[in-house]
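Student: mmCIF, C-alpha atoms and all ligand atoms; chains and numbers go by the auth columns, file entry34.cif:
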```cif
data_final
loop_
_atom_site.group_PDB
_atom_site.id
_atom_site.type_symbol
_atom_site.label_atom_id
_atom_site.label_comp_id
_atom_site.label_asym_id
_atom_site.label_seq_id
_atom_site.Cartn_x
_atom_site.Cartn_y
_atom_site.Cartn_z
_atom_site.B_iso_or_equiv
_atom_site.auth_seq_id
_atom_site.auth_asym_id
ATOM 1 C CA MET A 1 84.272 123.003 86.838 0.00 285 G
ATOM 2 C CA SER A 2 87.451 123.369 88.933 0.00 286 G
ATOM 3 C CA GLU A 3 90.800 121.968 87.806 0.00 287 G
ATOM 4 C CA LYS A 4 90.678 119.322 90.524 0.00 288 G
ATOM 5 C CA ALA A 5 87.130 118.236 89.678 0.00 289 G
ATOM 6 C CA THR A 6 88.175 117.919 86.010 0.00 290 G
ATOM 7 C CA LEU A 7 91.197 115.834 87.024 0.00 291 G
ATOM 8 C CA TYR A 8 89.004 113.360 88.910 0.00 292 G
ATOM 9 C CA GLU A 9 86.472 113.254 86.062 0.00 293 G
ATOM 10 C CA ASP A 10 89.336 112.373 83.689 0.00 294 G
ATOM 11 C CA MET A 11 90.492 109.673 86.122 0.00 295 G
ATOM 12 C CA VAL A 12 87.017 108.103 86.125 0.00 296 G
ATOM 13 C CA HIS A 13 87.087 108.002 82.300 0.00 297 G
ATOM 14 C CA GLN A 14 90.602 106.564 82.307 0.00 298 G
ATOM 15 C CA GLY A 15 89.584 103.998 84.918 0.00 299 G
ATOM 16 C CA ARG A 16 86.665 102.848 82.780 0.00 300 G
ATOM 17 C CA ARG A 17 89.009 102.520 79.790 0.00 301 G
ATOM 18 C CA LEU A 18 91.595 100.644 81.885 0.00 302 G
ATOM 19 C CA PHE A 19 88.975 98.135 83.038 0.00 303 G
ATOM 20 C CA GLY A 20 88.067 97.518 79.382 0.00 304 G
ATOM 21 C CA GLY A 21 85.051 95.439 80.368 0.00 305 G
ATOM 22 C CA GLU A 22 86.952 93.448 83.032 0.00 306 G
ATOM 23 C CA ARG A 23 84.565 92.589 85.902 0.00 307 G
ATOM 24 C CA ASP A 24 87.018 91.057 88.360 0.00 308 G
ATOM 25 C CA PRO A 25 87.051 93.196 91.549 0.00 309 G
ATOM 26 C CA ILE A 26 90.715 92.539 92.405 0.00 310 G
ATOM 27 C CA ALA A 27 91.982 93.329 88.902 0.00 311 G
ATOM 28 C CA ASN A 28 89.917 96.534 88.829 0.00 312 G
ATOM 29 C CA ALA A 29 91.022 97.551 92.351 0.00 313 G
ATOM 30 C CA ALA A 30 94.669 97.039 91.346 0.00 314 G
ATOM 31 C CA ASN A 31 94.238 99.267 88.313 0.00 315 G
ATOM 32 C CA ILE A 32 92.420 101.971 90.295 0.00 316 G
ATOM 33 C CA ALA A 33 95.185 101.988 92.932 0.00 317 G
ATOM 34 C CA ALA A 34 97.841 102.310 90.204 0.00 318 G
ATOM 35 C CA LEU A 35 95.898 105.039 88.382 0.00 319 G
ATOM 36 C CA ILE A 36 95.558 107.073 91.588 0.00 320 G
ATOM 37 C CA TRP A 37 99.243 106.567 92.425 0.00 321 G
ATOM 38 C CA GLN A 38 100.377 107.658 88.950 0.00 322 G
ATOM 39 C CA THR A 39 98.039 110.652 88.740 0.00 323 G
ATOM 40 C CA LEU A 40 97.744 112.345 92.125 0.00 324 G
ATOM 41 C CA PRO A 41 100.726 114.220 93.584 0.00 325 G
ATOM 42 C CA ASP A 42 101.936 114.050 97.195 0.00 326 G
ATOM 43 C CA LEU A 43 100.717 110.584 98.158 0.00 327 G
ATOM 44 C CA ASN A 44 102.663 107.998 100.127 0.00 328 G
ATOM 45 C CA TRP A 45 99.980 105.289 100.005 0.00 329 G
ATOM 46 C CA ALA A 46 96.878 104.522 97.947 0.00 330 G
ATOM 47 C CA GLY A 47 94.847 101.351 98.135 0.00 331 G
ATOM 48 C CA PHE A 48 91.995 99.132 99.180 0.00 332 G
ATOM 49 C CA TYR A 49 90.900 97.304 102.303 0.00 333 G
ATOM 50 C CA PHE A 50 88.093 94.739 102.022 0.00 334 G
ATOM 51 C CA ARG A 51 85.607 93.793 104.727 0.00 335 G
ATOM 52 C CA ARG A 52 86.060 90.285 106.078 0.00 336 G
ATOM 53 C CA ARG A 53 83.853 89.450 109.094 0.00 337 G
ATOM 54 C CA SER A 54 85.221 91.540 111.997 0.00 338 G
ATOM 55 C CA HIS A 55 88.196 93.019 110.119 0.00 339 G
ATOM 56 C CA LEU A 56 89.229 95.004 107.101 0.00 340 G
ATOM 57 C CA VAL A 57 91.858 93.070 105.147 0.00 341 G
ATOM 58 C CA LEU A 58 94.470 94.605 102.869 0.00 342 G
ATOM 59 C CA GLY A 59 93.740 94.612 99.122 0.00 343 G
ATOM 60 C CA PRO A 60 95.600 95.979 96.080 0.00 344 G
ATOM 61 C CA PHE A 61 97.640 99.085 96.840 0.00 345 G
ATOM 62 C CA GLN A 62 100.640 101.237 95.914 0.00 346 G
ATOM 63 C CA GLY A 63 103.173 102.453 98.461 0.00 347 G
ATOM 64 C CA LYS A 64 105.026 100.833 101.329 0.00 348 G
ATOM 65 C CA PRO A 65 103.859 97.491 102.766 0.00 349 G
ATOM 66 C CA ALA A 66 100.936 98.174 105.116 0.00 350 G
ATOM 67 C CA CYS A 67 98.990 96.632 108.008 0.00 351 G
ATOM 68 C CA SER A 68 97.249 93.475 106.739 0.00 352 G
ATOM 69 C CA ARG A 69 94.295 93.643 109.118 0.00 353 G
ATOM 70 C CA ILE A 70 92.359 96.468 110.746 0.00 354 G
ATOM 71 C CA PRO A 71 89.808 95.493 113.433 0.00 355 G
ATOM 72 C CA LYS A 72 86.222 96.668 112.854 0.00 356 G
ATOM 73 C CA GLY A 73 85.776 100.320 113.895 0.00 357 G
ATOM 74 C CA SER A 74 89.513 100.953 114.379 0.00 358 G
ATOM 75 C CA GLY A 75 91.547 103.744 112.850 0.00 359 G
ATOM 76 C CA VAL A 76 90.476 106.036 110.039 0.00 360 G
ATOM 77 C CA CYS A 77 89.667 103.098 107.739 0.00 361 G
ATOM 78 C CA GLY A 78 87.599 101.279 110.359 0.00 362 G
ATOM 79 C CA THR A 79 85.692 104.481 111.133 0.00 363 G
ATOM 80 C CA ALA A 80 84.781 104.990 107.459 0.00 364 G
ATOM 81 C CA ALA A 81 83.703 101.343 107.199 0.00 365 G
ATOM 82 C CA ALA A 82 81.650 101.494 110.417 0.00 366 G
ATOM 83 C CA THR A 83 79.862 104.772 109.644 0.00 367 G
ATOM 84 C CA GLY A 84 79.570 104.452 105.859 0.00 368 G
ATOM 85 C CA GLU A 85 80.816 108.046 105.640 0.00 369 G
ATOM 86 C CA THR A 86 83.901 109.492 103.989 0.00 370 G
ATOM 87 C CA VAL A 87 86.540 110.502 106.566 0.00 371 G
ATOM 88 C CA LEU A 88 88.893 113.380 105.799 0.00 372 G
ATOM 89 C CA VAL A 89 91.714 113.859 108.306 0.00 373 G
ATOM 90 C CA ASP A 90 93.891 116.982 108.055 0.00 374 G
ATOM 91 C CA ASP A 91 96.357 115.759 110.690 0.00 375 G
ATOM 92 C CA VAL A 92 96.407 112.050 111.479 0.00 376 G
ATOM 93 C CA HIS A 93 98.326 112.711 114.705 0.00 377 G
ATOM 94 C CA LYS A 94 95.187 114.399 116.051 0.00 378 G
ATOM 95 C CA PHE A 95 92.851 111.534 115.078 0.00 379 G
ATOM 96 C CA ALA A 96 92.286 109.327 118.117 0.00 380 G
ATOM 97 C CA GLY A 97 93.001 105.726 117.156 0.00 381 G
ATOM 98 C CA HIS A 98 94.808 106.452 113.903 0.00 382 G
ATOM 99 C CA ILE A 99 96.792 103.388 112.805 0.00 383 G
ATOM 100 C CA ALA A 100 100.259 104.430 111.632 0.00 384 G
ATOM 101 C CA CYS A 101 101.194 101.934 108.914 0.00 385 G
ATOM 102 C CA ASP A 102 103.698 104.410 107.489 0.00 386 G
ATOM 103 C CA ALA A 103 105.279 106.989 109.790 0.00 387 G
ATOM 104 C CA ALA A 104 105.481 109.401 106.826 0.00 388 G
ATOM 105 C CA SER A 105 101.682 109.858 106.737 0.00 389 G
ATOM 106 C CA ASN A 106 100.347 113.187 107.947 0.00 390 G
ATOM 107 C CA SER A 107 96.914 113.436 106.348 0.00 391 G
ATOM 108 C CA GLU A 108 94.449 110.846 105.126 0.00 392 G
ATOM 109 C CA LEU A 109 91.251 110.422 103.116 0.00 393 G
ATOM 110 C CA VAL A 110 89.139 107.270 103.371 0.00 394 G
ATOM 111 C CA VAL A 111 86.034 106.565 101.303 0.00 395 G
ATOM 112 C CA PRO A 112 83.697 103.622 102.005 0.00 396 G
ATOM 113 C CA LEU A 113 82.975 101.185 99.166 0.00 397 G
ATOM 114 C CA LYS A 114 79.197 100.800 99.167 0.00 398 G
ATOM 115 C CA LYS A 115 77.163 98.155 97.409 0.00 399 G
ATOM 116 C CA GLY A 116 73.670 99.396 98.213 0.00 400 G
ATOM 117 C CA HIS A 117 73.661 99.730 102.009 0.00 401 G
ATOM 118 C CA PHE A 118 76.408 97.144 102.431 0.00 402 G
ATOM 119 C CA ILE A 119 79.971 98.346 103.037 0.00 403 G
ATOM 120 C CA VAL A 120 82.334 95.978 101.221 0.00 404 G
ATOM 121 C CA GLY A 121 85.524 97.869 102.109 0.00 405 G
ATOM 122 C CA VAL A 122 87.289 101.210 101.872 0.00 406 G
ATOM 123 C CA LEU A 123 89.548 103.111 99.504 0.00 407 G
ATOM 124 C CA ASP A 124 92.338 104.846 101.440 0.00 408 G
ATOM 125 C CA LEU A 125 94.759 107.631 100.465 0.00 409 G
ATOM 126 C CA ASP A 126 97.645 108.821 102.670 0.00 410 G
ATOM 127 C CA SER A 127 99.846 111.888 102.217 0.00 411 G
ATOM 128 C CA PRO A 128 103.055 113.095 103.830 0.00 412 G
ATOM 129 C CA LEU A 129 101.596 116.635 103.680 0.00 413 G
ATOM 130 C CA LEU A 130 99.278 118.042 106.332 0.00 414 G
ATOM 131 C CA SER A 131 95.792 118.912 104.976 0.00 415 G
ATOM 132 C CA ARG A 132 96.595 117.369 101.576 0.00 416 G
ATOM 133 C CA PHE A 133 92.932 116.478 100.895 0.00 417 G
ATOM 134 C CA ASP A 134 89.793 118.628 100.647 0.00 418 G
ATOM 135 C CA ARG A 135 86.107 118.135 99.843 0.00 419 G
ATOM 136 C CA GLU A 136 86.861 118.001 96.113 0.00 420 G
ATOM 137 C CA ASP A 137 89.315 115.140 96.671 0.00 421 G
ATOM 138 C CA ALA A 138 86.656 113.423 98.765 0.00 422 G
ATOM 139 C CA ALA A 139 84.039 113.820 95.988 0.00 423 G
ATOM 140 C CA GLY A 140 86.551 112.658 93.357 0.00 424 G
ATOM 141 C CA LEU A 141 87.575 109.598 95.344 0.00 425 G
ATOM 142 C CA GLU A 142 83.902 108.762 95.965 0.00 426 G
ATOM 143 C CA SER A 143 83.393 108.760 92.157 0.00 427 G
ATOM 144 C CA LEU A 144 86.310 106.346 91.717 0.00 428 G
ATOM 145 C CA ALA A 145 84.910 104.131 94.489 0.00 429 G
ATOM 146 C CA LYS A 146 81.493 104.100 92.766 0.00 430 G
ATOM 147 C CA LEU A 147 83.132 103.235 89.444 0.00 431 G
ATOM 148 C CA TRP A 148 84.896 100.265 91.046 0.00 432 G
ATOM 149 C CA VAL A 149 81.676 98.978 92.677 0.00 433 G
ATOM 150 C CA ALA A 150 79.646 99.404 89.484 0.00 434 G
ATOM 151 C CA SER A 151 82.321 97.766 87.284 0.00 435 G
ATOM 152 C CA SER A 152 83.066 94.717 89.439 0.00 436 G
ATOM 153 C CA ASP A 153 81.133 91.460 89.985 0.00 437 G
ATOM 154 C CA ASP A 154 81.402 89.152 92.999 0.00 438 G
ATOM 155 C CA LEU A 155 82.754 91.870 95.261 0.00 439 G
ATOM 156 C CA PRO A 156 85.314 90.492 97.721 0.00 440 G
HETATM 157 N N1 LIG B . 96.021 104.847 108.676 0.00 501 T
HETATM 158 C C1 LIG B . 94.994 103.878 108.464 0.00 501 T
HETATM 159 C C2 LIG B . 95.557 102.483 108.355 0.00 501 T
HETATM 160 C C3 LIG B . 95.846 102.065 106.960 0.00 501 T
HETATM 161 S S1 LIG B . 97.229 102.746 106.332 0.00 501 T
HETATM 162 O O1 LIG B . 97.138 104.186 106.311 0.00 501 T
HETATM 163 C C4 LIG B . 97.598 102.135 104.844 0.00 501 T
HETATM 164 C C5 LIG B . 93.967 103.946 109.571 0.00 501 T
HETATM 165 O O2 LIG B . 94.142 104.656 110.578 0.00 501 T
HETATM 166 O O3 LIG B . 92.955 103.289 109.455 0.00 501 T
#
```
Using C-alpha cells, write down the structure that the file contains.

Tutor:
Amino acid sequence: MSEKATLYEDMVHQGRRLFGGERDPIANAANIAALIWQTLPDLNWAGFYFRRRSHLVLGPFQGKPACSRIPKGSGVCGTAAATGETVLVDDVHKFAGHIACDAASNSELVVPLKKGHFIVGVLDLDSPLLSRFDREDAAGLESLAKLWVASSDDLP
C-alpha cells in the first residue's frame, strides 16, 4: 500500500476512535474536519456542506470563513452534489463556475456524501497549491465520507 493510502487508512481509524460511538452528524463532521485539517499538509480549507432544498449550506469546517450557501449545481461543490461523483480540480481558475470563497485556493477536491442514492451533502478540501490532490486523495476522502455517513444518525 502506498504511503498516502496508509495515511488515509490511519485517518479512518483515528476518526472512528474520535467519534467514540457518538452518532450526532454535526459532532462527527466537526471532528472529521479537524482531523483532516490537522493531518493533511497544504490545505487552506476543509469542511462540509449539507443539502438543504435547492442549496448546499455550510457545515463544520476549518479555515477561513466561507460562503454560507451554494445554489444547486453551482461551483465545484454543487457539481459533486448534482452528479454524485467526486470532482478533482487541478486548477480552480480553469473550472467554469468555480466559487472563490478564499482567493488563496488553487486546487480543490470535493466528495459527495451519499446515503444510499441520496446525496446529503459534500466534503470539500481546498489547497493553495496547484494539483494538490490526486486519485489517492480522492479515494481517501471518499473513505472518510463513508465513515461519517455510516457513523451518524439523522443526517442533516
Ligand atoms: N470553491 C467551492 C466553494 C466552497 S469553498 O471552496 C469553501 C466551489 O466552487 O463550490

Student: Give me, as JSON lines, each residue of chain G that comes within 7 Å of ligand LIG 501 (chain T), together with its shortest interatomic pair and the distance in Å at one decimal, counting all atoms listed in the file, with rows ordered by chain and rising residue number.

Tutor:
```
{"residue": "G:Trp329", "atom": "CA", "partner": "T:LIG501", "partner_atom": "C4", "distance": 6.2}
{"residue": "G:Ala350", "atom": "CA", "partner": "T:LIG501", "partner_atom": "C4", "distance": 5.2}
{"residue": "G:Cys351", "atom": "CA", "partner": "T:LIG501", "partner_atom": "C3", "distance": 6.4}
{"residue": "G:Ile354", "atom": "CA", "partner": "T:LIG501", "partner_atom": "O3", "distance": 7.0}
{"residue": "G:Ser358", "atom": "CA", "partner": "T:LIG501", "partner_atom": "O3", "distance": 6.4}
{"residue": "G:Gly359", "atom": "CA", "partner": "T:LIG501", "partner_atom": "O2", "distance": 3.6}
{"residue": "G:Val360", "atom": "CA", "partner": "T:LIG501", "partner_atom": "O3", "distance": 3.7}
{"residue": "G:Cys361", "atom": "CA", "partner": "T:LIG501", "partner_atom": "O3", "distance": 3.7}
{"residue": "G:Gly362", "atom": "CA", "partner": "T:LIG501", "partner_atom": "O3", "distance": 5.8}
{"residue": "G:Gly381", "atom": "CA", "partner": "T:LIG501", "partner_atom": "O2", "distance": 6.8}
{"residue": "G:His382", "atom": "CA", "partner": "T:LIG501", "partner_atom": "O2", "distance": 3.8}
{"residue": "G:Ile383", "atom": "CA", "partner": "T:LIG501", "partner_atom": "O2", "distance": 3.7}
{"residue": "G:Ala384", "atom": "CA", "partner": "T:LIG501", "partner_atom": "N1", "distance": 5.2}
{"residue": "G:Cys385", "atom": "CA", "partner": "T:LIG501", "partner_atom": "S1", "distance": 4.8}
{"residue": "G:Asp386", "atom": "CA", "partner": "T:LIG501", "partner_atom": "O1", "distance": 6.7}
{"residue": "G:Asp408", "atom": "CA", "partner": "T:LIG501", "partner_atom": "C4", "distance": 6.8}
{"residue": "G:Asp410", "atom": "CA", "partner": "T:LIG501", "partner_atom": "O1", "distance": 5.9}
```

Student: Any idea what's packed within 7 Å of stretch 302-315 of chain G, counting all atoms listed in the file, ignoring anything in its chain fewer than 5 positions away? Could you give it as a PyMOL selection string?

Tutor: chain G and resi 344-345+432+435-437+439-440

Student: How would you write, as a PyMOL selection string, the residues chosen by the PyMOL selection byres (((chain G and resi 293) around 12) and not hetatm) on this structure?

Tutor: chain G and resi 285-292+294-300+420-421+423-428+431

Student: Report the residues retrieved by the PyMOL selection byres (((chain G and resi 352) around 6) and not hetatm) from the displayed file, expressed as a VMD selection string.

Tutor: chain G and resid 341 to 342 351 353

Student: Determine the residue membership of the PyMOL selection byres (((chain G and resi 395) around 10) and not hetatm) for the file above and supply it as a list in words.

Tutor: Phe332, Val360, Cys361, Ala364, Ala365, Gly368, Glu369, Thr370, Val371, Leu372, Leu393, Val394, Pro396, Leu397, Lys398, Gly405, Val406, Leu407, Asp408, Leu409, Ala422, Ala423, Leu425, Glu426, Ser427, Leu428, Ala429 and Lys430 of chain G

Student: Please, what distance in Å, to one decimal, runs between atom CA of G:His339 and atom CA of G:Leu319?

Tutor: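 Pair atom CA of G:His339 / atom CA of G:Leu319 returns 26.0 Å.
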